[in-house]
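Peer 1: Got a structure for you, questions after.
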Amino acid sequence: MHTAKATKADAVPARPSTPSRWQAGWHTASRRIDSPNFGPRPEKANIDLIVLHSISLPPGQYGGPEIEAFFTNTLNWEAHPYFQQIRGMAVSAHFVIRRTGEVLQFVSCDDRAWHAGTSHYRGRDNCNDDSIGIELEGLEGNTFTHDQYTQLQKLCEDIAIAYPIAHFAGHEHIAPGRKQDPGSGFDWGFLQHKLGWPKHFFPTNAG
Ligand SMILES: [Zn+2]
């Protein structure tokens with residue numbers, strides 16, 4: 001019979017907050033805004049890729065409600081001339097990190113978000129099937145904020161707890177010639193340094 005008294009140490013799990021960081025693919029520290037633009041992942045999808053994007057609506061304007069509206073199919077297409085170019089598009093990403101560092105989640109990471117489009121990376125097509133998409137509020141080619149890098153690092157560390165991440169690429173790397181985001185203003189070396197993940201996780205032609 002086991003008679004040892006419970007000690008303080010017994011009450012502390014090895015990784016204290018890990019189990020509560022995710023609930024059914026939802027990151028509990030992020031603000032949840034459900035997008036209808038998602039579907040099931042293929043059976044046995046190996047979710048080993050994070051795809052980084054940049055977005056701002058209208059381009060170059062920050063802090064408004066337009067990204068949330070776009071990802072929830074409630075954007076008023078008449079509100080700005082640029083919106084005619086994206087009119088009717090039903091898209092999403094798992095996460096958006098605002099200039100302030102606020103992190104929004106639109107789709108469970110267990111589901112397939114619609115961020116990559118026609119794409120190919122690490123020998124596989126259709127990167128939406130087995131990747132997690134993160135949008136940084138910004139303009140491709142421009143720089144991103146310190147708060148964004150800090151929150152991106154935290155988010156990626158949490159993602160890597162729950163999913164077997166082994167690759168990290170920009171939209172420009174999985175759809176070369178078609179997409180340019182996040183562009184030359186994103187500092188891949190800085191991100192790699194912050195995360196401390198192996199160099200081979202990152203695109204070879206990252207600036
Ligand atoms: Zn993109």
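In the structure tokens, chains take the letters A, B, ... in the order shown, each chain's residues start at 1, and ligands count up from 1 in the order shown.
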Mind checking DSSP for segment 16-195 of chain A and telling me the strand (DSSP E or B) residues as an NGL selection string?

Peer 2: :A and (22-23 or 26-27 or 31-32 or 38-40 or 49-55 or 95-97 or 103-105 or 111-113 or 120-121 or 124-125 or 131-137 or 167-170)

Peer 1: Give me a file of those residues, with N, CA and C atoms, as a tab-separated table (two decimals), in the first residue's frame.

Peer 2:
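Output file result_30.tsv follows:
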```
chain	number	residue	atom	x	y	z
A	22	TRP	N	-3.78	24.86	-25.09
A	22	TRP	CA	-4.57	24.52	-26.27
A	22	TRP	C	-5.84	23.79	-25.87
A	23	GLN	N	-6.92	24.13	-26.56
A	23	GLN	CA	-8.17	23.40	-26.38
A	23	GLN	C	-8.75	23.13	-27.76
A	26	TRP	N	-7.49	25.33	-30.37
A	26	TRP	CA	-7.58	26.77	-30.09
A	26	TRP	C	-6.55	27.15	-29.04
A	27	HIS	N	-5.79	28.18	-29.32
A	27	HIS	CA	-4.74	28.68	-28.44
A	27	HIS	C	-5.41	29.56	-27.39
A	31	ARG	N	-7.07	35.76	-28.76
A	31	ARG	CA	-8.48	36.15	-28.82
A	31	ARG	C	-9.16	35.41	-29.97
A	32	ARG	N	-10.21	34.67	-29.64
A	32	ARG	CA	-10.87	33.82	-30.64
A	32	ARG	C	-11.95	34.57	-31.39
A	38	PHE	N	-13.03	27.52	-43.36
A	38	PHE	CA	-12.11	26.44	-43.01
A	38	PHE	C	-12.75	25.11	-43.39
A	39	GLY	N	-11.96	24.06	-43.33
A	39	GLY	CA	-12.48	22.72	-43.59
A	39	GLY	C	-11.63	21.72	-42.83
A	40	PRO	N	-11.97	20.44	-42.99
A	40	PRO	CA	-11.17	19.42	-42.30
A	40	PRO	C	-9.81	19.26	-42.96
A	49	LEU	N	4.51	22.45	-40.65
A	49	LEU	CA	4.94	23.70	-41.31
A	49	LEU	C	4.17	24.89	-40.76
A	50	ILE	N	4.88	25.97	-40.46
A	50	ILE	CA	4.26	27.26	-40.17
A	50	ILE	C	4.49	28.16	-41.37
A	51	VAL	N	3.40	28.77	-41.89
A	51	VAL	CA	3.51	29.69	-43.02
A	51	VAL	C	3.23	31.10	-42.52
A	52	LEU	N	4.17	31.98	-42.82
A	52	LEU	CA	4.06	33.37	-42.38
A	52	LEU	C	3.59	34.26	-43.53
A	53	HIS	N	2.64	35.13	-43.22
A	53	HIS	CA	2.09	36.08	-44.21
A	53	HIS	C	2.14	37.49	-43.64
A	54	SER	N	1.83	38.46	-44.52
A	54	SER	CA	1.54	39.81	-44.04
A	54	SER	C	0.26	40.28	-44.69
A	55	ILE	N	-0.49	41.08	-43.95
A	55	ILE	CA	-1.76	41.60	-44.47
A	55	ILE	C	-2.06	42.93	-43.79
A	95	PHE	N	-4.01	32.47	-37.48
A	95	PHE	CA	-3.70	33.57	-36.56
A	95	PHE	C	-3.44	34.87	-37.31
A	96	VAL	N	-3.73	35.97	-36.63
A	96	VAL	CA	-3.29	37.30	-37.05
A	96	VAL	C	-2.61	37.94	-35.84
A	97	ILE	N	-1.40	38.49	-36.08
A	97	ILE	CA	-0.72	39.23	-35.02
A	97	ILE	C	-0.70	40.70	-35.42
A	103	VAL	N	-2.82	38.95	-30.44
A	103	VAL	CA	-2.93	37.75	-31.28
A	103	VAL	C	-4.39	37.31	-31.38
A	104	LEU	N	-4.88	37.20	-32.59
A	104	LEU	CA	-6.24	36.76	-32.87
A	104	LEU	C	-6.17	35.38	-33.51
A	105	GLN	N	-7.13	34.52	-33.18
A	105	GLN	CA	-7.21	33.21	-33.84
A	105	GLN	C	-8.57	33.04	-34.49
A	111	ASP	N	-8.01	22.25	-37.70
A	111	ASP	CA	-8.71	22.37	-38.99
A	111	ASP	C	-7.82	23.06	-40.01
A	112	ARG	N	-8.31	23.04	-41.27
A	112	ARG	CA	-7.55	23.55	-42.41
A	112	ARG	C	-8.03	24.96	-42.71
A	113	ALA	N	-7.17	25.94	-42.48
A	113	ALA	CA	-7.49	27.33	-42.83
A	113	ALA	C	-7.13	27.58	-44.29
A	120	HIS	N	3.52	24.87	-52.79
A	120	HIS	CA	4.37	23.68	-52.77
A	120	HIS	C	5.54	23.96	-51.85
A	121	TYR	N	5.82	23.02	-50.94
A	121	TYR	CA	6.97	23.21	-50.05
A	121	TYR	C	7.38	21.87	-49.48
A	124	ARG	N	5.85	18.78	-50.90
A	124	ARG	CA	4.41	18.53	-50.83
A	124	ARG	C	3.62	19.71	-51.40
A	125	ASP	N	2.50	19.39	-52.04
A	125	ASP	CA	1.60	20.42	-52.58
A	125	ASP	C	0.56	20.80	-51.52
A	131	SER	N	-0.35	22.80	-42.75
A	131	SER	CA	0.41	23.92	-42.19
A	131	SER	C	-0.48	24.74	-41.27
A	132	ILE	N	0.16	25.61	-40.50
A	132	ILE	CA	-0.52	26.60	-39.68
A	132	ILE	C	-0.15	27.97	-40.23
A	133	GLY	N	-1.15	28.78	-40.56
A	133	GLY	CA	-0.93	30.08	-41.19
A	133	GLY	C	-1.00	31.21	-40.17
A	134	ILE	N	0.03	32.05	-40.19
A	134	ILE	CA	0.08	33.21	-39.29
A	134	ILE	C	0.25	34.48	-40.14
A	135	GLU	N	-0.67	35.41	-39.98
A	135	GLU	CA	-0.59	36.70	-40.66
A	135	GLU	C	-0.05	37.75	-39.70
A	136	LEU	N	0.95	38.50	-40.16
A	136	LEU	CA	1.41	39.67	-39.41
A	136	LEU	C	0.76	40.89	-40.04
A	137	GLU	N	0.13	41.72	-39.21
A	137	GLU	CA	-0.42	42.95	-39.76
A	137	GLU	C	0.73	43.81	-40.27
A	167	HIS	N	9.35	22.95	-40.11
A	167	HIS	CA	9.58	23.87	-41.23
A	167	HIS	C	8.87	25.18	-40.96
A	168	PHE	N	9.46	26.26	-41.47
A	168	PHE	CA	8.91	27.60	-41.27
A	168	PHE	C	9.20	28.37	-42.55
A	169	ALA	N	8.16	28.86	-43.21
A	169	ALA	CA	8.37	29.53	-44.50
A	169	ALA	C	7.42	30.70	-44.64
A	170	GLY	N	7.79	31.62	-45.52
A	170	GLY	CA	6.89	32.71	-45.88
A	170	GLY	C	5.99	32.27	-47.03
```

Peer 1: With only C-alpha atoms and all ligand atoms counted, collect every polymer residue having an atom within 7 Å of ligand 1; state the result as a PyMOL selection string.

Peer 2: chain A and resi 53-54+115-116+171+179+181-182

Peer 1: Would you mind telling me which residue in A:Arg98, A:Leu75, A:Gly138, A:Ala90 lies nearest to Gln61 of chain A when using only C-alpha atoms?

Peer 2: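 Looking only at the distances to Gln61 of chain A, the closest residue turns out to be A:Gly138.
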
Peer 1: Please provide the set of residues having any atom within 12 Å of Met89 of chain A, restricted to only C-alpha atoms, with same-chain residues fewer than 3 positions apart removed, written as a PyMOL selection string.

Peer 2: chain A and resi 37+69-75+77+83-86+92+114-115+117

Peer 1: Go ahead and save the picked residues with C-alpha atoms, as a compact mmCIF listing (two decimals), in the first residue's frame.

Peer 2:
```
# COMPACT_ATOMS: atom_id res chain seq x y z
CA ASN A 37 -13.63 29.79 -43.92
CA ALA A 69 -14.28 41.50 -41.24
CA PHE A 70 -12.47 40.01 -44.26
CA PHE A 71 -11.79 36.70 -42.50
CA THR A 72 -15.39 36.46 -41.29
CA ASN A 73 -16.96 37.35 -44.66
CA THR A 74 -18.42 40.61 -43.37
CA LEU A 75 -16.17 43.14 -45.10
CA TRP A 77 -16.51 45.70 -50.38
CA PHE A 83 -11.54 46.01 -51.68
CA GLN A 84 -12.74 45.46 -55.26
CA GLN A 85 -9.55 43.46 -55.82
CA ILE A 86 -10.45 41.03 -53.05
CA SER A 92 -8.70 32.86 -43.45
CA TRP A 114 -7.48 28.94 -46.27
CA HIS A 115 -4.32 31.06 -46.43
CA GLY A 117 -3.66 28.82 -52.05
```

Peer 1: To test your reading of the structure, identify every residue in segment 10-198 of chain A that backbone DSSP assigns to alpha helix (DSSP H), and report it as a PDB file with N, CA and C atoms, in the first residue's frame.

Peer 2:
```
ATOM      1  N   GLU A  66     -10.943  45.822 -40.422  1.00  0.00           N
ATOM      2  CA  GLU A  66     -11.155  45.238 -41.749  1.00  0.00           C
ATOM      3  C   GLU A  66     -10.626  43.803 -41.890  1.00  0.00           C
ATOM      4  N   ILE A  67      -9.515  43.485 -41.223  1.00  0.00           N
ATOM      5  CA  ILE A  67      -8.977  42.122 -41.363  1.00  0.00           C
ATOM      6  C   ILE A  67      -9.954  41.124 -40.751  1.00  0.00           C
ATOM      7  N   GLU A  68     -10.444  41.452 -39.569  1.00  0.00           N
ATOM      8  CA  GLU A  68     -11.429  40.577 -38.920  1.00  0.00           C
ATOM      9  C   GLU A  68     -12.667  40.420 -39.792  1.00  0.00           C
ATOM     10  N   ALA A  69     -13.100  41.545 -40.377  1.00  0.00           N
ATOM     11  CA  ALA A  69     -14.284  41.500 -41.242  1.00  0.00           C
ATOM     12  C   ALA A  69     -14.018  40.632 -42.474  1.00  0.00           C
ATOM     13  N   PHE A  70     -12.827  40.777 -43.059  1.00  0.00           N
ATOM     14  CA  PHE A  70     -12.475  40.008 -44.258  1.00  0.00           C
ATOM     15  C   PHE A  70     -12.481  38.510 -43.963  1.00  0.00           C
ATOM     16  N   PHE A  71     -11.894  38.122 -42.840  1.00  0.00           N
ATOM     17  CA  PHE A  71     -11.790  36.698 -42.500  1.00  0.00           C
ATOM     18  C   PHE A  71     -13.108  36.111 -41.991  1.00  0.00           C
ATOM     19  N   HIS A 146       8.447  45.303 -32.915  1.00  0.00           N
ATOM     20  CA  HIS A 146       9.079  44.482 -31.872  1.00  0.00           C
ATOM     21  C   HIS A 146       8.032  43.604 -31.183  1.00  0.00           C
ATOM     22  N   ASP A 147       6.862  44.197 -30.898  1.00  0.00           N
ATOM     23  CA  ASP A 147       5.798  43.429 -30.234  1.00  0.00           C
ATOM     24  C   ASP A 147       5.353  42.250 -31.098  1.00  0.00           C
ATOM     25  N   GLN A 148       5.351  42.431 -32.401  1.00  0.00           N
ATOM     26  CA  GLN A 148       4.969  41.322 -33.287  1.00  0.00           C
ATOM     27  C   GLN A 148       5.980  40.181 -33.220  1.00  0.00           C
ATOM     28  N   TYR A 149       7.273  40.505 -33.249  1.00  0.00           N
ATOM     29  CA  TYR A 149       8.283  39.449 -33.141  1.00  0.00           C
ATOM     30  C   TYR A 149       8.167  38.718 -31.805  1.00  0.00           C
ATOM     31  N   THR A 150       7.940  39.493 -30.730  1.00  0.00           N
ATOM     32  CA  THR A 150       7.846  38.887 -29.402  1.00  0.00           C
ATOM     33  C   THR A 150       6.666  37.923 -29.323  1.00  0.00           C
ATOM     34  N   GLN A 151       5.508  38.365 -29.801  1.00  0.00           N
ATOM     35  CA  GLN A 151       4.324  37.511 -29.742  1.00  0.00           C
ATOM     36  C   GLN A 151       4.411  36.352 -30.723  1.00  0.00           C
ATOM     37  N   LEU A 152       5.032  36.596 -31.891  1.00  0.00           N
ATOM     38  CA  LEU A 152       5.234  35.522 -32.860  1.00  0.00           C
ATOM     39  C   LEU A 152       6.095  34.420 -32.244  1.00  0.00           C
ATOM     40  N   GLN A 153       7.147  34.817 -31.557  1.00  0.00           N
ATOM     41  CA  GLN A 153       8.012  33.828 -30.902  1.00  0.00           C
ATOM     42  C   GLN A 153       7.215  33.000 -29.896  1.00  0.00           C
ATOM     43  N   LYS A 154       6.461  33.675 -29.024  1.00  0.00           N
ATOM     44  CA  LYS A 154       5.682  32.954 -28.000  1.00  0.00           C
ATOM     45  C   LYS A 154       4.680  32.001 -28.643  1.00  0.00           C
ATOM     46  N   LEU A 155       4.004  32.515 -29.672  1.00  0.00           N
ATOM     47  CA  LEU A 155       2.998  31.696 -30.344  1.00  0.00           C
ATOM     48  C   LEU A 155       3.641  30.463 -30.976  1.00  0.00           C
ATOM     49  N   CYS A 156       4.766  30.657 -31.650  1.00  0.00           N
ATOM     50  CA  CYS A 156       5.434  29.529 -32.311  1.00  0.00           C
ATOM     51  C   CYS A 156       5.922  28.510 -31.282  1.00  0.00           C
ATOM     52  N   GLU A 157       6.385  28.981 -30.147  1.00  0.00           N
ATOM     53  CA  GLU A 157       6.828  28.044 -29.104  1.00  0.00           C
ATOM     54  C   GLU A 157       5.637  27.222 -28.607  1.00  0.00           C
ATOM     55  N   ASP A 158       4.485  27.863 -28.465  1.00  0.00           N
ATOM     56  CA  ASP A 158       3.295  27.123 -28.040  1.00  0.00           C
ATOM     57  C   ASP A 158       2.826  26.154 -29.128  1.00  0.00           C
ATOM     58  N   ILE A 159       2.885  26.596 -30.380  1.00  0.00           N
ATOM     59  CA  ILE A 159       2.489  25.719 -31.493  1.00  0.00           C
ATOM     60  C   ILE A 159       3.371  24.465 -31.506  1.00  0.00           C
ATOM     61  N   ALA A 160       4.666  24.669 -31.278  1.00  0.00           N
ATOM     62  CA  ALA A 160       5.609  23.546 -31.350  1.00  0.00           C
ATOM     63  C   ALA A 160       5.413  22.549 -30.208  1.00  0.00           C
ATOM     64  N   ILE A 161       4.724  22.969 -29.146  1.00  0.00           N
ATOM     65  CA  ILE A 161       4.382  22.029 -28.072  1.00  0.00           C
ATOM     66  C   ILE A 161       3.317  21.049 -28.555  1.00  0.00           C
ATOM     67  N   ALA A 162       2.394  21.559 -29.359  1.00  0.00           N
ATOM     68  CA  ALA A 162       1.227  20.763 -29.738  1.00  0.00           C
ATOM     69  C   ALA A 162       1.356  20.104 -31.112  1.00  0.00           C
ATOM     70  N   HIS A 171       4.885  32.994 -47.213  1.00  0.00           N
ATOM     71  CA  HIS A 171       4.021  32.724 -48.361  1.00  0.00           C
ATOM     72  C   HIS A 171       4.845  32.802 -49.650  1.00  0.00           C
ATOM     73  N   GLU A 172       5.797  33.747 -49.681  1.00  0.00           N
ATOM     74  CA  GLU A 172       6.652  33.931 -50.855  1.00  0.00           C
ATOM     75  C   GLU A 172       7.496  32.690 -51.162  1.00  0.00           C
ATOM     76  N   HIS A 173       7.746  31.868 -50.150  1.00  0.00           N
ATOM     77  CA  HIS A 173       8.571  30.674 -50.367  1.00  0.00           C
ATOM     78  C   HIS A 173       7.753  29.463 -50.797  1.00  0.00           C
ATOM     79  N   ILE A 174       6.462  29.460 -50.471  1.00  0.00           N
ATOM     80  CA  ILE A 174       5.632  28.304 -50.832  1.00  0.00           C
ATOM     81  C   ILE A 174       4.828  28.571 -52.106  1.00  0.00           C
ATOM     82  N   TRP A 188      14.170  37.097 -40.902  1.00  0.00           N
ATOM     83  CA  TRP A 188      14.150  35.664 -40.597  1.00  0.00           C
ATOM     84  C   TRP A 188      15.261  35.289 -39.629  1.00  0.00           C
ATOM     85  N   GLY A 189      16.413  35.934 -39.782  1.00  0.00           N
ATOM     86  CA  GLY A 189      17.544  35.624 -38.901  1.00  0.00           C
ATOM     87  C   GLY A 189      17.227  35.977 -37.452  1.00  0.00           C
ATOM     88  N   PHE A 190      16.543  37.113 -37.275  1.00  0.00           N
ATOM     89  CA  PHE A 190      16.145  37.546 -35.926  1.00  0.00           C
ATOM     90  C   PHE A 190      15.173  36.552 -35.315  1.00  0.00           C
ATOM     91  N   LEU A 191      14.193  36.115 -36.117  1.00  0.00           N
ATOM     92  CA  LEU A 191      13.218  35.137 -35.621  1.00  0.00           C
ATOM     93  C   LEU A 191      13.910  33.834 -35.242  1.00  0.00           C
ATOM     94  N   GLN A 192      14.816  33.382 -36.113  1.00  0.00           N
ATOM     95  CA  GLN A 192      15.529  32.133 -35.837  1.00  0.00           C
ATOM     96  C   GLN A 192      16.327  32.251 -34.547  1.00  0.00           C
ATOM     97  N   HIS A 193      16.968  33.395 -34.370  1.00  0.00           N
ATOM     98  CA  HIS A 193      17.753  33.638 -33.158  1.00  0.00           C
ATOM     99  C   HIS A 193      16.855  33.628 -31.923  1.00  0.00           C
ATOM    100  N   LYS A 194      15.708  34.292 -32.019  1.00  0.00           N
ATOM    101  CA  LYS A 194      14.789  34.352 -30.882  1.00  0.00           C
ATOM    102  C   LYS A 194      14.269  32.960 -30.510  1.00  0.00           C
ATOM    103  N   LEU A 195      13.905  32.186 -31.538  1.00  0.00           N
ATOM    104  CA  LEU A 195      13.336  30.866 -31.288  1.00  0.00           C
ATOM    105  C   LEU A 195      14.409  29.841 -30.920  1.00  0.00           C
TER     106      LEU A 195
END
```

Peer 1: To one decimal place, how far is atom CA of Ala175 of chain A from atom CA of Ser35 of chain A in Å?

Peer 2: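 About the pair atom CA of Ala175 of chain A and atom CA of Ser35 of chain A: they are 23.4 Å apart.
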
Peer 1: Interatomic distance between atom CA of Pro203 of chain A and atom CA of Asn142 of chain A?

Peer 2: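 Between atom CA of Pro203 of chain A and atom CA of Asn142 of chain A the gap is 18.8 Å.
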
Peer 1: Can you measure atom CA of Pro65 of chain A to atom CA of Arg99 of chain A for me? One decimal in Å is fine.

Peer 2: 13.1 Å
